[in-house]
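One file, protein.txt, is given below (compact mmCIF, C-alpha atoms).
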```txt
# COMPACT_ATOMS: atom_id res chain seq x y z
CA MET M 1 148.35 88.98 196.87
CA ASP M 2 150.61 85.91 196.95
CA VAL M 3 149.01 83.97 194.10
CA THR M 4 150.73 80.75 195.16
CA ASP M 5 148.95 80.77 198.53
CA GLU M 6 145.36 79.60 197.95
CA THR M 7 144.16 80.79 201.36
CA ALA M 8 145.61 84.24 200.70
CA VAL M 9 143.94 84.30 197.28
CA ALA M 10 140.56 83.36 198.72
CA ASP M 11 140.89 85.93 201.52
CA ALA M 12 141.94 88.71 199.13
CA ILE M 13 139.00 88.07 196.82
CA LEU M 14 136.52 87.98 199.70
CA ALA M 15 137.98 91.20 201.10
CA ALA M 16 137.66 92.88 197.70
CA VAL M 17 134.01 91.84 197.43
CA ASP M 18 133.30 93.06 200.96
CA ARG M 19 134.85 96.43 200.18
CA HIS M 20 133.84 97.04 196.56
CA GLY M 21 130.84 94.81 195.90
CA PRO M 22 130.37 92.02 193.35
CA LEU M 23 133.36 91.01 191.28
CA HIS M 24 132.99 91.44 187.51
CA GLY M 25 136.48 90.77 186.18
CA PHE M 26 139.72 89.03 187.04
CA VAL M 27 143.04 89.31 185.21
CA ASN M 28 145.89 86.90 185.86
CA CYS M 29 149.02 88.87 185.02
CA ALA M 30 151.33 87.56 187.73
CA GLY M 31 153.95 85.35 186.18
CA THR M 32 157.58 84.39 185.99
CA LEU M 33 159.98 83.52 183.21
CA GLY M 34 161.57 81.08 185.64
CA HIS M 35 165.21 80.18 185.15
CA PRO M 36 166.01 79.79 181.44
CA ALA M 37 168.18 76.75 180.81
CA ARG M 38 168.46 73.97 178.31
CA LEU M 39 166.33 70.91 179.01
CA VAL M 40 169.28 68.83 180.23
CA ASP M 41 170.19 71.52 182.76
CA GLN M 42 166.74 72.08 184.26
CA ASP M 43 166.42 72.03 188.06
CA LEU M 44 163.09 70.42 188.92
CA ASP M 45 162.61 72.44 192.11
CA ARG M 46 162.84 75.61 190.01
CA VAL M 47 160.51 74.08 187.43
CA ARG M 48 157.94 73.36 190.14
CA ARG M 49 158.15 76.96 191.31
CA THR M 50 157.56 78.22 187.76
CA PHE M 51 154.44 76.04 187.56
CA GLU M 52 153.24 77.19 190.98
CA ILE M 53 153.23 80.80 189.79
CA ASN M 54 152.30 80.48 186.11
CA THR M 55 149.87 77.56 186.22
CA HIS M 56 148.66 76.37 189.61
CA ALA M 57 147.92 79.96 190.65
CA VAL M 58 145.76 80.41 187.56
CA LEU M 59 143.61 77.48 188.63
CA SER M 60 143.44 78.72 192.21
CA THR M 61 142.52 82.30 191.30
CA MET M 62 139.91 81.20 188.73
CA LYS M 63 138.39 78.88 191.32
CA HIS M 64 137.88 81.66 193.87
CA ALA M 65 137.23 84.54 191.47
CA SER M 66 134.53 82.66 189.60
CA ALA M 67 132.78 81.87 192.89
CA ALA M 68 132.71 85.61 193.60
CA MET M 69 131.22 86.47 190.18
CA THR M 70 127.68 85.85 191.28
CA GLY M 71 126.25 87.96 188.46
CA GLY M 72 128.53 86.68 185.72
CA GLY M 73 131.84 88.15 184.64
CA ALA M 74 134.99 87.73 182.62
CA ILE M 75 138.40 86.25 183.36
CA VAL M 76 141.53 86.90 181.30
CA ASN M 77 144.68 84.84 181.77
CA VAL M 78 147.96 86.15 180.40
CA ALA M 79 149.68 83.20 178.71
CA SER M 80 152.42 83.62 176.08
CA ASN M 81 153.16 82.90 172.46
CA ALA M 82 155.91 80.69 173.93
CA ALA M 83 153.08 78.23 174.63
CA LEU M 84 152.55 77.92 170.89
CA HIS M 85 156.04 77.55 169.48
CA ALA M 86 159.28 76.18 170.81
CA ARG M 87 161.93 78.49 172.17
CA PRO M 88 165.16 76.86 173.38
CA GLY M 89 165.84 77.34 177.07
CA LEU M 90 162.26 78.11 178.02
CA SER M 91 160.72 74.66 178.30
CA PRO M 92 159.19 75.08 181.80
CA TYR M 93 157.89 78.55 180.96
CA SER M 94 156.43 77.37 177.65
CA ALA M 95 154.84 74.31 179.22
CA SER M 96 153.41 76.30 182.12
CA LYS M 97 151.82 78.78 179.71
CA ALA M 98 150.47 75.98 177.50
CA ALA M 99 148.82 74.57 180.61
CA THR M 100 147.37 78.01 181.30
CA ILE M 101 145.71 77.94 177.89
CA ALA M 102 144.32 74.47 178.63
CA TYR M 103 142.94 75.69 181.95
CA THR M 104 141.42 78.68 180.15
CA ARG M 105 139.59 76.50 177.65
CA THR M 106 138.29 74.09 180.26
CA ALA M 107 137.17 76.93 182.51
CA ALA M 108 135.39 78.58 179.58
CA ARG M 109 133.35 75.42 179.02
CA GLU M 110 132.59 74.91 182.72
CA LEU M 111 131.75 78.53 183.57
CA ALA M 112 129.72 79.54 180.52
CA ARG M 113 126.55 78.38 182.26
CA ASN M 114 127.34 80.87 185.04
CA GLY M 115 127.64 83.76 182.62
CA ILE M 116 131.41 83.87 183.01
CA ARG M 117 133.64 84.17 179.94
CA VAL M 118 137.25 82.96 180.17
CA ASN M 119 139.93 83.85 177.65
CA ALA M 120 143.71 84.01 177.37
CA VAL M 121 146.06 86.49 175.77
CA CYS M 122 149.35 85.26 174.32
CA PRO M 123 151.83 88.11 174.14
CA GLY M 124 155.13 87.80 172.35
CA GLY M 125 158.12 89.89 173.29
CA THR M 126 156.93 92.89 175.28
CA VAL M 127 158.85 95.79 176.74
CA THR M 128 158.69 94.72 180.39
CA PRO M 129 161.15 94.15 183.22
CA MET M 130 160.73 90.40 182.59
CA MET M 131 161.94 90.69 179.01
CA GLY M 132 164.88 93.05 179.44
CA ALA M 133 166.19 95.61 176.97
CA PRO M 134 165.00 94.88 173.40
CA ASP M 135 168.29 95.99 171.89
CA GLU M 136 170.60 93.75 173.90
CA GLY M 137 171.64 90.09 173.72
CA ALA M 138 168.97 87.43 173.30
CA ALA M 139 166.22 90.05 173.24
CA ALA M 140 167.81 91.71 170.18
CA ASP M 141 167.98 88.31 168.47
CA LEU M 142 164.30 87.78 169.25
CA VAL M 143 163.29 91.14 167.76
CA ARG M 144 164.80 90.06 164.42
CA THR M 145 162.36 87.12 164.29
CA ILE M 146 159.29 89.37 164.63
CA PRO M 147 157.74 90.51 161.33
CA MET M 148 156.89 93.90 162.87
CA ARG M 149 160.54 94.19 164.04
CA ARG M 150 159.75 95.45 167.51
CA PHE M 151 158.46 94.30 170.88
CA ALA M 152 154.96 95.21 172.01
CA GLU M 153 154.37 98.02 174.42
CA PRO M 154 152.56 96.78 177.56
CA ALA M 155 149.64 99.06 176.67
CA GLU M 156 149.12 97.10 173.43
CA ILE M 157 148.57 93.92 175.44
CA ALA M 158 146.42 95.76 177.99
CA ALA M 159 144.13 96.97 175.19
CA VAL M 160 143.32 93.38 174.21
CA ILE M 161 142.76 92.43 177.85
CA ALA M 162 140.35 95.36 178.23
CA PHE M 163 138.48 94.24 175.11
CA LEU M 164 138.12 90.69 176.45
CA LEU M 165 136.74 92.03 179.75
CA SER M 166 134.25 94.29 178.01
CA ASP M 167 130.79 93.65 176.60
CA ASP M 168 132.30 94.06 173.11
CA ALA M 169 133.59 90.50 173.67
CA SER M 170 130.22 89.24 174.90
CA TYR M 171 130.31 86.14 172.66
CA VAL M 172 134.04 85.44 173.01
CA THR M 173 135.09 82.66 175.37
CA GLY M 174 137.68 79.90 175.37
CA THR M 175 140.05 81.73 173.04
CA ALA M 176 143.78 82.37 173.24
CA ILE M 177 144.41 85.60 171.33
CA VAL M 178 147.96 85.95 170.05
CA VAL M 179 149.37 89.48 170.29
CA ASP M 180 152.93 89.12 169.03
CA GLY M 181 153.48 91.24 165.94
CA GLY M 182 153.19 88.16 163.75
CA ALA M 183 156.03 86.24 165.41
CA THR M 184 154.17 82.93 165.41
CA THR M 185 152.66 83.26 161.94
CA MET T 1 136.52 104.81 176.54
CA GLN T 2 134.24 103.91 179.44
CA GLY T 3 133.36 100.36 178.45
CA LEU T 4 134.13 99.01 181.91
CA ARG T 5 132.38 101.63 183.99
CA GLU T 6 131.22 100.37 187.40
CA ARG T 7 132.99 97.05 186.93
CA ASN T 8 135.12 95.68 189.76
CA VAL T 9 138.23 93.99 188.41
CA ILE T 10 141.10 92.32 190.26
CA VAL T 11 144.49 92.30 188.50
CA THR T 12 147.33 90.13 189.79
CA GLY T 13 150.86 91.22 188.98
CA GLY T 14 149.65 94.77 188.64
CA ALA T 15 152.81 96.42 189.95
CA SER T 16 154.76 96.42 186.70
CA GLY T 17 154.83 95.50 183.03
CA ILE T 18 151.65 94.21 181.41
CA GLY T 19 149.88 94.15 184.77
CA ALA T 20 150.54 97.84 185.46
CA ALA T 21 149.51 98.79 181.93
CA THR T 22 146.34 96.76 182.38
CA VAL T 23 145.46 98.54 185.63
CA ALA T 24 145.95 101.91 183.90
CA ARG T 25 143.85 100.91 180.89
CA LEU T 26 141.03 99.49 182.98
CA ARG T 27 140.90 102.65 185.07
CA ASP T 28 140.71 104.69 181.85
CA GLU T 29 137.78 102.48 180.88
CA GLY T 30 136.02 103.32 184.13
CA ALA T 31 136.66 100.13 186.08
CA ALA T 32 137.41 99.98 189.79
CA THR T 33 140.63 97.99 189.86
CA ILE T 34 142.06 96.07 192.78
CA ALA T 35 145.72 95.19 192.20
```

Using structure tokens, write down the structure that the file contains.
Amino acid sequence: MDVTDETAVADAILAAVDRHGPLHGFVNCAGTLGHPARLVDQDLDRVRRTFEINTHAVLSTMKHASAAMTGGGAIVNVASNAALHARPGLSPYSASKAATIAYTRTAARELARNGIRVNAVCPGGTVTPMMGAPDEGAAADLVRTIPMRRFAEPAEIAAVIAFLLSDDASYVTGTAIVVDGGATT
Amino acid sequence: MQGLRERNVIVTGGASGIGAATVARLRDEGAATIA
């Protein structure tokens, strides 16, 4: 699914409902780090692309997924702890993820009456292709700022996402749960 | 761990990283995932 193409998003969700039945959950994991650069060196075309993927697509997918959750459901948006504290070179990424949290909170308020919960997860450094090797360069510097002195495993983020989708989180909506080993404390 | 049994869940970005781990976890929990 090309999350930046609203028609493709709508078609994919309708096709999933036709094939599998009512939609109960939606997880927005697609994202990009963009092109890290200091503020004065930012290219606005690249910034717009970062927002298309990290932010506008979240609105688009929530719009169409929530319409397909006719019996209620849960949406989880993967934001970032970069939305909560400044990290040099990542201004578009940080801003796009902060906007994702704002969308999450607004959607939670608007969709509660439809029985749909909406939450965000804010991972810190995680062992993923996006982050790179945790023992090299900037990633190694970042590890030293984390109280737990390691990056998360993707499964540790997935566990929180699964919780937010489940009935165990039946009264949880509008939150942004930080999962970063204490990096933003 | 079957807390999401018979739930249909769409995951974007499910090919790698957190998305792939999420698909695996949700399947363990019994969900039907569409990635």

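Between Thr22 of chain T and the residues M:Thr4, M:Thr61, M:Asn28, M:Ser91, the shortest atom-to-atom distance, using all atoms listed in the file, involves M:Asn28.
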
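Using all atoms listed in the file for every distance, the candidate list M:Thr100, M:Ser80, M:Thr128, M:Thr50 yields M:Thr128 as the residue closest to chain T.
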
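Residues from chain M found within 8 Å of chain T are Met1, Val3, Ala16, His20, Gly21, Pro22, Leu23, His24, Gly25, Phe26, Val27, Asn28, Cys29, Ala30, Gly31, Val127, Thr128, Pro129, Met130, Pro154, Ala155, Ile157, Ala158, Ala159, Ile161, Ala162, Leu165, Ser166 and Asp167 of chain M, counting only C-alpha atoms.
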
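Note that the spacing between atom CA of Val160 of chain M and atom CA of Ala83 of chain M amounts to 18.0 Å.
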
Could you build a table of the residues in segment 5-89 of chain M lying no more than 12 Å from segment 141-151 of chain M, giving for each the nearest pair of atoms and their separation in Å rounded to one decimal place, using only C-alpha atoms, ordered by chain and ascending residue number, as JSON lines?
```
{"residue": "M:Asn81", "atom": "CA", "partner": "M:Ile146", "partner_atom": "CA", "distance": 11.9}
{"residue": "M:Ala82", "atom": "CA", "partner": "M:Leu142", "partner_atom": "CA", "distance": 11.9}
{"residue": "M:Arg87", "atom": "CA", "partner": "M:Leu142", "partner_atom": "CA", "distance": 10.0}
{"residue": "M:Pro88", "atom": "CA", "partner": "M:Leu142", "partner_atom": "CA", "distance": 11.7}
```
